[in-house]
>>> print(open('model.txt').read())   # compact mmCIF, N, CA and C atoms
# COMPACT_ATOMS: atom_id res chain seq x y z
N ASN A 18 11.26 -32.25 56.12
CA ASN A 18 9.93 -31.74 56.43
C ASN A 18 8.96 -32.88 56.73
N ARG A 19 9.50 -34.06 56.88
CA ARG A 19 8.70 -35.26 57.14
C ARG A 19 8.12 -35.18 58.54
N ALA A 20 6.84 -35.33 58.65
CA ALA A 20 6.19 -35.30 59.96
C ALA A 20 6.22 -36.68 60.60
N LYS A 21 6.31 -36.74 61.88
CA LYS A 21 6.25 -38.01 62.61
C LYS A 21 4.81 -38.26 63.05
N THR A 22 4.35 -39.44 62.81
CA THR A 22 2.97 -39.76 63.11
C THR A 22 2.86 -41.25 63.39
N GLY A 23 1.74 -41.68 63.88
CA GLY A 23 1.51 -43.09 64.09
C GLY A 23 1.09 -43.81 62.82
N SER A 24 0.85 -43.05 61.77
CA SER A 24 0.41 -43.61 60.50
C SER A 24 1.57 -44.21 59.74
N GLU A 25 1.29 -45.21 58.91
CA GLU A 25 2.32 -45.74 58.03
C GLU A 25 2.39 -44.90 56.75
N ILE A 26 1.40 -44.03 56.53
CA ILE A 26 1.34 -43.20 55.32
C ILE A 26 2.47 -42.16 55.35
N ASN A 27 3.07 -41.94 54.18
CA ASN A 27 4.08 -40.90 53.99
C ASN A 27 3.37 -39.54 54.08
N VAL A 28 3.62 -38.79 55.15
CA VAL A 28 2.94 -37.52 55.36
C VAL A 28 3.92 -36.37 55.51
N HIS A 29 3.43 -35.16 55.26
CA HIS A 29 4.21 -33.93 55.36
C HIS A 29 3.36 -32.84 55.96
N LYS A 30 4.02 -31.77 56.34
CA LYS A 30 3.32 -30.57 56.77
C LYS A 30 3.09 -29.72 55.51
N VAL A 31 1.83 -29.39 55.25
CA VAL A 31 1.47 -28.63 54.06
C VAL A 31 0.62 -27.44 54.49
N ASP A 32 1.08 -26.26 54.14
CA ASP A 32 0.34 -25.03 54.47
C ASP A 32 -0.06 -24.99 55.94
N GLY A 33 0.86 -25.39 56.82
CA GLY A 33 0.62 -25.34 58.25
C GLY A 33 -0.16 -26.51 58.81
N VAL A 34 -0.58 -27.43 57.95
CA VAL A 34 -1.35 -28.60 58.39
C VAL A 34 -0.43 -29.81 58.45
N GLU A 35 -0.41 -30.48 59.61
CA GLU A 35 0.43 -31.67 59.80
C GLU A 35 -0.25 -32.92 59.23
N ASN A 36 0.57 -33.94 58.96
CA ASN A 36 0.09 -35.28 58.58
C ASN A 36 -0.70 -35.31 57.28
N VAL A 37 -0.25 -34.55 56.29
CA VAL A 37 -0.94 -34.50 55.00
C VAL A 37 -0.29 -35.50 54.03
N ALA A 38 -1.12 -36.33 53.41
CA ALA A 38 -0.65 -37.33 52.45
C ALA A 38 -0.38 -36.69 51.08
N ILE A 39 0.50 -37.31 50.33
CA ILE A 39 0.87 -36.92 48.95
C ILE A 39 1.20 -35.43 48.84
N LYS A 40 1.79 -34.88 49.88
CA LYS A 40 2.19 -33.46 49.87
C LYS A 40 1.04 -32.54 49.48
N GLY A 41 -0.19 -32.97 49.81
CA GLY A 41 -1.36 -32.13 49.57
C GLY A 41 -2.01 -32.31 48.22
N TYR A 42 -1.56 -33.28 47.45
CA TYR A 42 -2.17 -33.53 46.14
C TYR A 42 -3.39 -34.43 46.27
N ASP A 43 -4.31 -34.27 45.34
CA ASP A 43 -5.58 -34.98 45.30
C ASP A 43 -5.35 -36.38 44.70
N PRO A 44 -5.48 -37.46 45.49
CA PRO A 44 -5.23 -38.80 44.95
C PRO A 44 -6.24 -39.21 43.87
N VAL A 45 -7.46 -38.72 43.95
CA VAL A 45 -8.49 -39.09 42.98
C VAL A 45 -8.21 -38.46 41.61
N ALA A 46 -7.62 -37.27 41.60
CA ALA A 46 -7.35 -36.56 40.34
C ALA A 46 -6.43 -37.35 39.41
N TYR A 47 -5.52 -38.13 39.97
CA TYR A 47 -4.65 -38.95 39.10
C TYR A 47 -5.50 -39.87 38.22
N PHE A 48 -6.59 -40.36 38.78
CA PHE A 48 -7.47 -41.28 38.07
C PHE A 48 -8.48 -40.56 37.18
N THR A 49 -9.05 -39.45 37.66
CA THR A 49 -10.12 -38.78 36.92
C THR A 49 -9.61 -37.74 35.94
N LYS A 50 -8.51 -37.07 36.25
CA LYS A 50 -7.99 -36.02 35.38
C LYS A 50 -6.72 -36.45 34.65
N GLY A 51 -6.14 -37.57 35.09
CA GLY A 51 -4.93 -38.05 34.43
C GLY A 51 -3.71 -37.18 34.68
N LYS A 52 -3.73 -36.46 35.80
CA LYS A 52 -2.59 -35.61 36.14
C LYS A 52 -2.65 -35.26 37.62
N PRO A 53 -1.51 -34.85 38.19
CA PRO A 53 -1.50 -34.42 39.58
C PRO A 53 -2.17 -33.05 39.73
N VAL A 54 -3.03 -32.95 40.73
CA VAL A 54 -3.75 -31.70 41.00
C VAL A 54 -3.65 -31.44 42.50
N LYS A 55 -3.28 -30.22 42.86
CA LYS A 55 -3.20 -29.84 44.27
C LYS A 55 -4.59 -29.91 44.90
N GLY A 56 -4.64 -30.46 46.10
CA GLY A 56 -5.88 -30.47 46.85
C GLY A 56 -6.02 -29.20 47.65
N SER A 57 -7.15 -29.05 48.30
CA SER A 57 -7.44 -27.87 49.11
C SER A 57 -7.87 -28.33 50.50
N SER A 58 -7.48 -27.55 51.51
CA SER A 58 -7.90 -27.90 52.87
C SER A 58 -9.42 -27.73 53.03
N GLN A 59 -10.05 -27.11 52.06
CA GLN A 59 -11.51 -26.98 52.06
C GLN A 59 -12.16 -28.36 51.88
N PHE A 60 -11.46 -29.25 51.17
CA PHE A 60 -11.98 -30.59 50.90
C PHE A 60 -10.98 -31.61 51.44
N LYS A 61 -11.19 -32.03 52.68
CA LYS A 61 -10.24 -32.96 53.27
C LYS A 61 -10.95 -34.14 53.90
N GLN A 62 -10.19 -35.20 54.06
CA GLN A 62 -10.72 -36.43 54.64
C GLN A 62 -9.61 -37.08 55.46
N ASN A 63 -9.93 -37.49 56.67
CA ASN A 63 -8.99 -38.27 57.47
C ASN A 63 -9.15 -39.73 57.10
N TRP A 64 -8.03 -40.39 56.86
CA TRP A 64 -8.07 -41.83 56.58
C TRP A 64 -6.69 -42.42 56.88
N ASP A 65 -6.68 -43.51 57.58
CA ASP A 65 -5.47 -44.27 57.88
C ASP A 65 -4.40 -43.41 58.55
N GLY A 66 -4.83 -42.54 59.45
CA GLY A 66 -3.89 -41.72 60.22
C GLY A 66 -3.32 -40.54 59.48
N ALA A 67 -3.84 -40.24 58.30
CA ALA A 67 -3.34 -39.11 57.51
C ALA A 67 -4.51 -38.23 57.08
N ILE A 68 -4.18 -37.00 56.70
CA ILE A 68 -5.17 -36.08 56.14
C ILE A 68 -4.94 -36.04 54.64
N TRP A 69 -6.00 -36.29 53.92
CA TRP A 69 -5.97 -36.31 52.46
C TRP A 69 -6.71 -35.08 51.95
N LEU A 70 -6.11 -34.36 51.01
CA LEU A 70 -6.71 -33.15 50.46
C LEU A 70 -7.21 -33.43 49.04
N PHE A 71 -8.29 -32.77 48.68
CA PHE A 71 -8.92 -32.99 47.38
C PHE A 71 -9.21 -31.67 46.70
N SER A 72 -9.35 -31.72 45.39
CA SER A 72 -9.62 -30.51 44.62
C SER A 72 -11.11 -30.20 44.55
N SER A 73 -11.94 -31.16 44.98
CA SER A 73 -13.39 -30.94 44.95
C SER A 73 -14.08 -31.83 45.98
N ALA A 74 -15.30 -31.46 46.32
CA ALA A 74 -16.09 -32.30 47.23
C ALA A 74 -16.38 -33.64 46.58
N ARG A 75 -16.57 -33.65 45.27
CA ARG A 75 -16.84 -34.89 44.54
C ARG A 75 -15.66 -35.87 44.70
N HIS A 76 -14.44 -35.37 44.53
CA HIS A 76 -13.27 -36.23 44.68
C HIS A 76 -13.15 -36.73 46.12
N ARG A 77 -13.40 -35.85 47.08
CA ARG A 77 -13.35 -36.26 48.49
C ARG A 77 -14.35 -37.39 48.74
N ASP A 78 -15.55 -37.25 48.21
CA ASP A 78 -16.58 -38.26 48.43
C ASP A 78 -16.25 -39.57 47.72
N MET A 79 -15.63 -39.48 46.54
CA MET A 79 -15.20 -40.70 45.83
C MET A 79 -14.16 -41.44 46.66
N PHE A 80 -13.21 -40.69 47.22
CA PHE A 80 -12.17 -41.29 48.06
C PHE A 80 -12.79 -41.91 49.31
N LYS A 81 -13.68 -41.16 49.92
CA LYS A 81 -14.32 -41.61 51.16
C LYS A 81 -15.03 -42.94 50.96
N SER A 82 -15.64 -43.14 49.79
CA SER A 82 -16.39 -44.37 49.52
C SER A 82 -15.48 -45.56 49.23
N ASN A 83 -14.22 -45.31 48.82
CA ASN A 83 -13.31 -46.41 48.52
C ASN A 83 -11.86 -45.94 48.57
N PRO A 84 -11.36 -45.60 49.76
CA PRO A 84 -10.01 -45.02 49.84
C PRO A 84 -8.91 -45.92 49.29
N LYS A 85 -9.03 -47.22 49.46
CA LYS A 85 -7.96 -48.11 48.98
C LYS A 85 -7.85 -48.11 47.46
N LYS A 86 -8.91 -47.73 46.78
CA LYS A 86 -8.86 -47.64 45.32
C LYS A 86 -7.98 -46.48 44.87
N TYR A 87 -7.99 -45.40 45.63
CA TYR A 87 -7.31 -44.17 45.21
C TYR A 87 -5.99 -43.88 45.92
N ALA A 88 -5.82 -44.39 47.12
CA ALA A 88 -4.59 -44.12 47.87
C ALA A 88 -3.40 -44.72 47.12
N PRO A 89 -2.26 -44.04 47.13
CA PRO A 89 -1.10 -44.58 46.42
C PRO A 89 -0.58 -45.86 47.08
N HIS A 90 -0.05 -46.72 46.24
CA HIS A 90 0.51 -47.98 46.72
C HIS A 90 1.75 -47.68 47.57
N TYR A 91 2.11 -48.59 48.43
CA TYR A 91 3.27 -48.47 49.34
C TYR A 91 3.16 -47.22 50.21
N ALA A 92 1.95 -46.91 50.64
CA ALA A 92 1.67 -45.83 51.60
C ALA A 92 2.17 -44.46 51.13
N GLY A 93 2.34 -44.32 49.81
CA GLY A 93 2.77 -43.04 49.27
C GLY A 93 4.26 -42.85 49.22
N TYR A 94 5.02 -43.91 49.42
CA TYR A 94 6.48 -43.84 49.28
C TYR A 94 6.85 -44.22 47.85
N CYS A 95 8.08 -43.89 47.47
CA CYS A 95 8.58 -44.17 46.12
C CYS A 95 8.54 -45.68 45.84
N ALA A 96 7.83 -46.05 44.77
CA ALA A 96 7.71 -47.47 44.40
C ALA A 96 9.07 -48.08 44.07
N TYR A 97 9.91 -47.32 43.37
CA TYR A 97 11.26 -47.80 43.06
C TYR A 97 12.08 -47.97 44.35
N GLY A 98 11.91 -47.04 45.28
CA GLY A 98 12.64 -47.12 46.55
C GLY A 98 12.31 -48.36 47.34
N VAL A 99 11.05 -48.78 47.29
CA VAL A 99 10.65 -50.00 47.98
C VAL A 99 11.24 -51.22 47.28
N ALA A 100 11.29 -51.17 45.94
CA ALA A 100 11.74 -52.32 45.15
C ALA A 100 13.24 -52.53 45.18
N VAL A 101 14.03 -51.45 45.08
CA VAL A 101 15.47 -51.62 44.86
C VAL A 101 16.30 -51.34 46.11
N PRO A 102 16.38 -50.10 46.60
CA PRO A 102 17.14 -49.95 47.85
C PRO A 102 16.39 -50.47 49.07
N GLN A 103 15.12 -50.81 48.86
CA GLN A 103 14.27 -51.34 49.94
C GLN A 103 14.21 -50.39 51.12
N ASN A 104 13.91 -49.15 50.80
CA ASN A 104 13.79 -48.09 51.80
C ASN A 104 12.55 -47.26 51.55
N LYS A 105 12.11 -46.57 52.60
CA LYS A 105 11.05 -45.59 52.47
C LYS A 105 11.70 -44.32 51.95
N ILE A 106 11.40 -43.98 50.72
CA ILE A 106 11.97 -42.80 50.07
C ILE A 106 10.82 -41.88 49.70
N ASP A 107 11.02 -40.59 49.91
CA ASP A 107 9.98 -39.60 49.64
C ASP A 107 9.66 -39.54 48.15
N ILE A 108 8.65 -38.78 47.80
CA ILE A 108 8.17 -38.71 46.43
C ILE A 108 8.01 -37.27 45.97
N GLN A 109 7.87 -37.12 44.67
CA GLN A 109 7.38 -35.88 44.05
C GLN A 109 6.02 -36.24 43.48
N PRO A 110 4.97 -35.52 43.82
CA PRO A 110 3.64 -35.85 43.33
C PRO A 110 3.53 -35.86 41.80
N GLU A 111 4.44 -35.15 41.13
CA GLU A 111 4.42 -35.10 39.67
C GLU A 111 5.03 -36.34 39.03
N ALA A 112 5.69 -37.20 39.81
CA ALA A 112 6.29 -38.43 39.29
C ALA A 112 5.38 -39.59 39.67
N TRP A 113 4.48 -39.96 38.76
CA TRP A 113 3.42 -40.91 39.09
C TRP A 113 3.11 -41.79 37.89
N TYR A 114 2.41 -42.90 38.17
CA TYR A 114 1.97 -43.81 37.12
C TYR A 114 0.86 -44.69 37.67
N ILE A 115 -0.12 -44.97 36.84
CA ILE A 115 -1.18 -45.91 37.25
C ILE A 115 -0.98 -47.20 36.47
N GLN A 116 -0.86 -48.29 37.21
CA GLN A 116 -0.68 -49.62 36.61
C GLN A 116 -1.71 -50.55 37.25
N ASP A 117 -2.50 -51.20 36.43
CA ASP A 117 -3.51 -52.15 36.91
C ASP A 117 -4.41 -51.52 37.99
N GLY A 118 -4.79 -50.26 37.78
CA GLY A 118 -5.69 -49.59 38.70
C GLY A 118 -5.08 -49.14 40.01
N LYS A 119 -3.75 -49.19 40.11
CA LYS A 119 -3.06 -48.76 41.34
C LYS A 119 -2.17 -47.56 41.04
N LEU A 120 -2.17 -46.60 41.96
CA LEU A 120 -1.35 -45.40 41.82
C LEU A 120 0.02 -45.65 42.44
N TYR A 121 1.05 -45.42 41.64
CA TYR A 121 2.44 -45.54 42.10
C TYR A 121 3.10 -44.18 41.99
N LEU A 122 3.85 -43.81 43.03
CA LEU A 122 4.57 -42.54 43.05
C LEU A 122 6.07 -42.83 43.09
N ASN A 123 6.86 -41.86 42.60
CA ASN A 123 8.31 -42.01 42.58
C ASN A 123 8.99 -40.77 43.14
N TYR A 124 10.27 -40.95 43.48
CA TYR A 124 11.10 -39.91 44.10
C TYR A 124 11.24 -38.70 43.18
N THR A 125 11.59 -38.94 41.92
CA THR A 125 11.77 -37.87 40.94
C THR A 125 11.32 -38.39 39.58
N LYS A 126 11.25 -37.52 38.61
CA LYS A 126 10.92 -37.94 37.23
C LYS A 126 12.00 -38.88 36.71
N ARG A 127 13.25 -38.62 37.05
CA ARG A 127 14.36 -39.48 36.59
C ARG A 127 14.20 -40.89 37.20
N THR A 128 13.90 -40.96 38.49
CA THR A 128 13.66 -42.25 39.13
C THR A 128 12.48 -42.93 38.46
N GLN A 129 11.47 -42.17 38.13
CA GLN A 129 10.29 -42.73 37.47
C GLN A 129 10.66 -43.33 36.11
N ASP A 130 11.53 -42.67 35.37
CA ASP A 130 11.95 -43.20 34.07
C ASP A 130 12.60 -44.57 34.24
N ILE A 131 13.45 -44.71 35.25
CA ILE A 131 14.10 -46.00 35.54
C ILE A 131 13.03 -47.03 35.91
N TRP A 132 12.12 -46.64 36.78
CA TRP A 132 11.06 -47.54 37.24
C TRP A 132 10.19 -47.99 36.07
N LEU A 133 9.83 -47.05 35.20
CA LEU A 133 8.95 -47.38 34.06
C LEU A 133 9.60 -48.35 33.09
N ASP A 134 10.94 -48.32 32.99
CA ASP A 134 11.63 -49.23 32.07
C ASP A 134 11.42 -50.70 32.44
N ASN A 135 11.13 -50.97 33.72
CA ASN A 135 10.99 -52.36 34.16
C ASN A 135 9.94 -52.46 35.26
N LYS A 136 8.85 -51.72 35.10
CA LYS A 136 7.88 -51.58 36.20
C LYS A 136 7.28 -52.89 36.66
N GLU A 137 7.00 -53.83 35.76
CA GLU A 137 6.37 -55.09 36.18
C GLU A 137 7.27 -55.84 37.17
N GLU A 138 8.55 -55.92 36.86
CA GLU A 138 9.49 -56.61 37.76
C GLU A 138 9.66 -55.83 39.06
N PHE A 139 9.75 -54.51 38.97
CA PHE A 139 9.89 -53.69 40.17
C PHE A 139 8.67 -53.83 41.08
N ILE A 140 7.48 -53.93 40.48
CA ILE A 140 6.26 -54.09 41.28
C ILE A 140 6.28 -55.42 42.01
N VAL A 141 6.69 -56.48 41.33
CA VAL A 141 6.80 -57.80 41.97
C VAL A 141 7.77 -57.71 43.16
N ASP A 142 8.94 -57.08 42.93
CA ASP A 142 9.93 -56.95 44.00
C ASP A 142 9.40 -56.09 45.15
N ALA A 143 8.81 -54.95 44.81
CA ALA A 143 8.30 -54.05 45.85
C ALA A 143 7.20 -54.73 46.67
N ASN A 144 6.33 -55.49 46.01
CA ASN A 144 5.28 -56.19 46.75
C ASN A 144 5.89 -57.20 47.72
N GLU A 145 6.99 -57.82 47.32
CA GLU A 145 7.66 -58.78 48.20
C GLU A 145 8.33 -58.08 49.38
N TYR A 146 8.97 -56.94 49.12
CA TYR A 146 9.75 -56.25 50.16
C TYR A 146 8.91 -55.34 51.07
N TRP A 147 7.75 -54.89 50.58
CA TRP A 147 6.97 -53.91 51.33
C TRP A 147 6.66 -54.31 52.77
N PRO A 148 6.28 -55.55 53.07
CA PRO A 148 5.98 -55.88 54.47
C PRO A 148 7.14 -55.58 55.42
N GLU A 149 8.37 -55.74 54.97
CA GLU A 149 9.53 -55.40 55.82
C GLU A 149 9.84 -53.92 55.76
N VAL A 150 9.80 -53.33 54.57
CA VAL A 150 10.14 -51.91 54.41
C VAL A 150 9.18 -51.05 55.23
N LYS A 151 7.90 -51.40 55.26
CA LYS A 151 6.96 -50.53 55.96
C LYS A 151 7.19 -50.50 57.46
N LYS A 152 7.96 -51.44 58.00
CA LYS A 152 8.29 -51.44 59.44
C LYS A 152 9.40 -50.45 59.77
N GLN A 153 10.09 -49.94 58.75
CA GLN A 153 11.22 -49.03 58.98
C GLN A 153 10.78 -47.73 59.64
>>> encode(input="model.txt", output="structure tokens")
Amino acid sequence: NRAKTGSEINVHKVDGVENVAIKGYDPVAYFTKGKPVKGSSQFKQNWDGAIWLFSSARHRDMFKSNPKKYAPHYAGYCAYGVAVPQNKIDIQPEAWYIQDGKLYLNYTKRTQDIWLDNKEEFIVDANEYWPEVKKQ
């Protein structure tokens, strides 16, 4: 269900809308509510070639004022996938973690458990590999 776009952001078709980031989840909610929350097409923002959905106008405006603060690291691809197989791997919005003010997403909860066991090292590796992986 992966949409093709000119954006480097991991996007999907959600409720008939193309190029939606984080499968329609609100990126700001991870920071403000401490959990994944579905966004609404009523509150959307275009940024970096993708459509971002939010659960409120307040969250949309927070994102709009500083999108890089809230957008997931590695363009919304699995952080473990970038670090280990060095591939763009899809995510589940429910498999997430905030480390040093950055949002990281993972393929599954099981993948997240592996990632969390050694996240500092995986982040170092993913940061090193990301410039090449993002060209895939």
>>> closest_residue(input="model.txt", among="A:Glu25, A:Tyr121, A:Arg127, A:Gly33", to="His90 of chain A", atoms="only C-alpha atoms")
A:Tyr121
>>> closest_residue(input="model.txt", among="A:Ala74, A:Val37, A:Ile115, A:Ile68", to="Gly51 of chain A", atoms="only C-alpha atoms")
A:Ile115
>>> closest_residue(input="model.txt", among="A:Asp142, A:Trp69, A:Leu120, A:Asp134", to="Asn36 of chain A", atoms="all atoms listed in the file")
A:Trp69
>>> residues_around(input="model.txt", residues="segment 92-109 of chain A", least_positions_apart="2", cutoff="5 Å", atoms="only N, CA and C atoms", output="MDAnalysis selection string")
chainID A and resid 26:27 89:90 111:112 122:125 142:143
>>> axis_aligned_box(input="model.txt", around="segment 45-52 of chain A", padding_each_side="3 Å", output="lines of an AutoDock Vina configuration file")
center_x = -6.4
center_y = -38.3
center_z = 39.2
size_x = 13.5
size_y = 12.0
size_z = 15.5
>>> atom_distance(input="model.txt", atom1="atom CA of Asn83 of chain A", atom2="atom C of Thr49 of chain A")
15.7 Å
>>> select_by_dssp(input="model.txt", residues="chain A", states="strand (DSSP E or B)", output="JSON, numbers by chain")
{"A": [19, 28, 29, 30, 31, 34, 35, 36, 37, 38, 42, 55, 57, 58, 59, 60, 61, 62, 63, 64, 67, 68, 69, 70, 71, 95, 109, 110, 111, 112, 113, 114, 115, 116, 119, 120, 121, 122, 123]}
>>> closest_residue(input="model.txt", among="A:Asp117, A:Tyr47, A:Lys61, A:Trp147", to="Asp78 of chain A", atoms="all atoms listed in the file")
A:Lys61
>>> closest_residue(input="model.txt", among="A:Ile131, A:Val45, A:Leu70, A:Ala88", to="Ser57 of chain A", atoms="all atoms listed in the file")
A:Leu70
>>> closest_residue(input="model.txt", among="A:Pro53, A:Trp64, A:Gln153, A:Ser58", to="Trp113 of chain A", atoms="only N, CA and C atoms")
A:Pro53
>>> atom_distance(input="model.txt", atom1="atom C of Val31 of chain A", atom2="atom CA of Gly56 of chain A")
10.5 Å
>>> atom_distance(input="model.txt", atom1="atom CA of Phe139 of chain A", atom2="atom C of Tyr42 of chain A")
24.2 Å
>>> select_by_dssp(input="model.txt", residues="chain A", states="helix (DSSP H, G or I)", output="ChimeraX atom specification")
/A:39-41,44-49,74-82,84-87,90-93,96-100,126-134,136-150
>>> build_atoms(input="model.txt", residues="segment 61-70 of chain A", atoms="all heavy atoms", output="PDB file, in the coordinates of the input")
ATOM      1  N   LYS A  61     -11.190 -32.030  52.680  1.00  0.00           N
ATOM      2  CA  LYS A  61     -10.240 -32.960  53.270  1.00  0.00           C
ATOM      3  C   LYS A  61     -10.950 -34.140  53.900  1.00  0.00           C
ATOM      4  O   LYS A  61     -12.135 -34.080  54.220  1.00  0.00           O
ATOM      5  CB  LYS A  61      -9.316 -32.267  54.256  1.00  0.00           C
ATOM      6  CG  LYS A  61      -9.982 -31.674  55.467  1.00  0.00           C
ATOM      7  CD  LYS A  61      -8.958 -30.914  56.300  1.00  0.00           C
ATOM      8  CE  LYS A  61      -9.630 -30.167  57.423  1.00  0.00           C
ATOM      9  NZ  LYS A  61      -8.690 -29.350  58.173  1.00  0.00           N
ATOM     10  N   GLN A  62     -10.190 -35.200  54.060  1.00  0.00           N
ATOM     11  CA  GLN A  62     -10.720 -36.430  54.640  1.00  0.00           C
ATOM     12  C   GLN A  62      -9.610 -37.080  55.460  1.00  0.00           C
ATOM     13  O   GLN A  62      -8.481 -37.200  54.989  1.00  0.00           O
ATOM     14  CB  GLN A  62     -11.165 -37.377  53.516  1.00  0.00           C
ATOM     15  CG  GLN A  62     -11.647 -38.727  53.977  1.00  0.00           C
ATOM     16  CD  GLN A  62     -12.938 -38.639  54.774  1.00  0.00           C
ATOM     17  OE1 GLN A  62     -13.813 -37.852  54.455  1.00  0.00           O
ATOM     18  NE2 GLN A  62     -13.057 -39.444  55.798  1.00  0.00           N
ATOM     19  N   ASN A  63      -9.930 -37.490  56.670  1.00  0.00           N
ATOM     20  CA  ASN A  63      -8.990 -38.270  57.470  1.00  0.00           C
ATOM     21  C   ASN A  63      -9.150 -39.730  57.100  1.00  0.00           C
ATOM     22  O   ASN A  63     -10.272 -40.220  57.004  1.00  0.00           O
ATOM     23  CB  ASN A  63      -9.274 -38.095  58.966  1.00  0.00           C
ATOM     24  CG  ASN A  63      -8.878 -36.723  59.463  1.00  0.00           C
ATOM     25  OD1 ASN A  63      -7.759 -36.288  59.260  1.00  0.00           O
ATOM     26  ND2 ASN A  63      -9.805 -36.042  60.099  1.00  0.00           N
ATOM     27  N   TRP A  64      -8.030 -40.390  56.860  1.00  0.00           N
ATOM     28  CA  TRP A  64      -8.070 -41.830  56.580  1.00  0.00           C
ATOM     29  C   TRP A  64      -6.690 -42.420  56.880  1.00  0.00           C
ATOM     30  O   TRP A  64      -5.672 -41.873  56.499  1.00  0.00           O
ATOM     31  CB  TRP A  64      -8.453 -42.110  55.120  1.00  0.00           C
ATOM     32  CG  TRP A  64      -8.467 -43.577  54.808  1.00  0.00           C
ATOM     33  CD1 TRP A  64      -9.390 -44.496  55.232  1.00  0.00           C
ATOM     34  CD2 TRP A  64      -7.504 -44.299  54.056  1.00  0.00           C
ATOM     35  NE1 TRP A  64      -9.053 -45.748  54.771  1.00  0.00           N
ATOM     36  CE2 TRP A  64      -7.897 -45.651  54.049  1.00  0.00           C
ATOM     37  CE3 TRP A  64      -6.333 -43.931  53.389  1.00  0.00           C
ATOM     38  CZ2 TRP A  64      -7.162 -46.641  53.394  1.00  0.00           C
ATOM     39  CZ3 TRP A  64      -5.608 -44.915  52.740  1.00  0.00           C
ATOM     40  CH2 TRP A  64      -6.035 -46.252  52.753  1.00  0.00           C
ATOM     41  N   ASP A  65      -6.680 -43.510  57.580  1.00  0.00           N
ATOM     42  CA  ASP A  65      -5.470 -44.270  57.880  1.00  0.00           C
ATOM     43  C   ASP A  65      -4.400 -43.410  58.550  1.00  0.00           C
ATOM     44  O   ASP A  65      -3.215 -43.537  58.254  1.00  0.00           O
ATOM     45  CB  ASP A  65      -4.944 -44.942  56.608  1.00  0.00           C
ATOM     46  CG  ASP A  65      -4.088 -46.162  56.920  1.00  0.00           C
ATOM     47  OD1 ASP A  65      -4.182 -46.697  58.044  1.00  0.00           O
ATOM     48  OD2 ASP A  65      -3.309 -46.579  56.042  1.00  0.00           O
ATOM     49  N   GLY A  66      -4.830 -42.540  59.450  1.00  0.00           N
ATOM     50  CA  GLY A  66      -3.890 -41.720  60.220  1.00  0.00           C
ATOM     51  C   GLY A  66      -3.320 -40.540  59.480  1.00  0.00           C
ATOM     52  O   GLY A  66      -2.403 -39.881  59.968  1.00  0.00           O
ATOM     53  N   ALA A  67      -3.840 -40.240  58.300  1.00  0.00           N
ATOM     54  CA  ALA A  67      -3.340 -39.110  57.510  1.00  0.00           C
ATOM     55  C   ALA A  67      -4.510 -38.230  57.080  1.00  0.00           C
ATOM     56  O   ALA A  67      -5.664 -38.660  57.084  1.00  0.00           O
ATOM     57  CB  ALA A  67      -2.584 -39.603  56.280  1.00  0.00           C
ATOM     58  N   ILE A  68      -4.180 -37.000  56.700  1.00  0.00           N
ATOM     59  CA  ILE A  68      -5.170 -36.080  56.140  1.00  0.00           C
ATOM     60  C   ILE A  68      -4.940 -36.040  54.640  1.00  0.00           C
ATOM     61  O   ILE A  68      -3.826 -35.820  54.167  1.00  0.00           O
ATOM     62  CB  ILE A  68      -5.023 -34.673  56.748  1.00  0.00           C
ATOM     63  CG1 ILE A  68      -5.314 -34.721  58.256  1.00  0.00           C
ATOM     64  CG2 ILE A  68      -5.937 -33.675  56.032  1.00  0.00           C
ATOM     65  CD1 ILE A  68      -4.970 -33.442  58.985  1.00  0.00           C
ATOM     66  N   TRP A  69      -6.000 -36.290  53.920  1.00  0.00           N
ATOM     67  CA  TRP A  69      -5.970 -36.310  52.460  1.00  0.00           C
ATOM     68  C   TRP A  69      -6.710 -35.080  51.950  1.00  0.00           C
ATOM     69  O   TRP A  69      -7.811 -34.786  52.409  1.00  0.00           O
ATOM     70  CB  TRP A  69      -6.625 -37.582  51.928  1.00  0.00           C
ATOM     71  CG  TRP A  69      -5.949 -38.815  52.460  1.00  0.00           C
ATOM     72  CD1 TRP A  69      -6.092 -39.347  53.708  1.00  0.00           C
ATOM     73  CD2 TRP A  69      -5.009 -39.627  51.791  1.00  0.00           C
ATOM     74  NE1 TRP A  69      -5.297 -40.464  53.840  1.00  0.00           N
ATOM     75  CE2 TRP A  69      -4.615 -40.664  52.673  1.00  0.00           C
ATOM     76  CE3 TRP A  69      -4.457 -39.609  50.512  1.00  0.00           C
ATOM     77  CZ2 TRP A  69      -3.701 -41.640  52.321  1.00  0.00           C
ATOM     78  CZ3 TRP A  69      -3.543 -40.590  50.164  1.00  0.00           C
ATOM     79  CH2 TRP A  69      -3.179 -41.591  51.058  1.00  0.00           C
ATOM     80  N   LEU A  70      -6.110 -34.360  51.010  1.00  0.00           N
ATOM     81  CA  LEU A  70      -6.710 -33.150  50.460  1.00  0.00           C
ATOM     82  C   LEU A  70      -7.210 -33.430  49.040  1.00  0.00           C
ATOM     83  O   LEU A  70      -6.589 -34.205  48.304  1.00  0.00           O
ATOM     84  CB  LEU A  70      -5.704 -31.999  50.442  1.00  0.00           C
ATOM     85  CG  LEU A  70      -5.096 -31.614  51.790  1.00  0.00           C
ATOM     86  CD1 LEU A  70      -4.165 -30.426  51.621  1.00  0.00           C
ATOM     87  CD2 LEU A  70      -6.162 -31.329  52.835  1.00  0.00           C
TER      88      LEU A  70
END
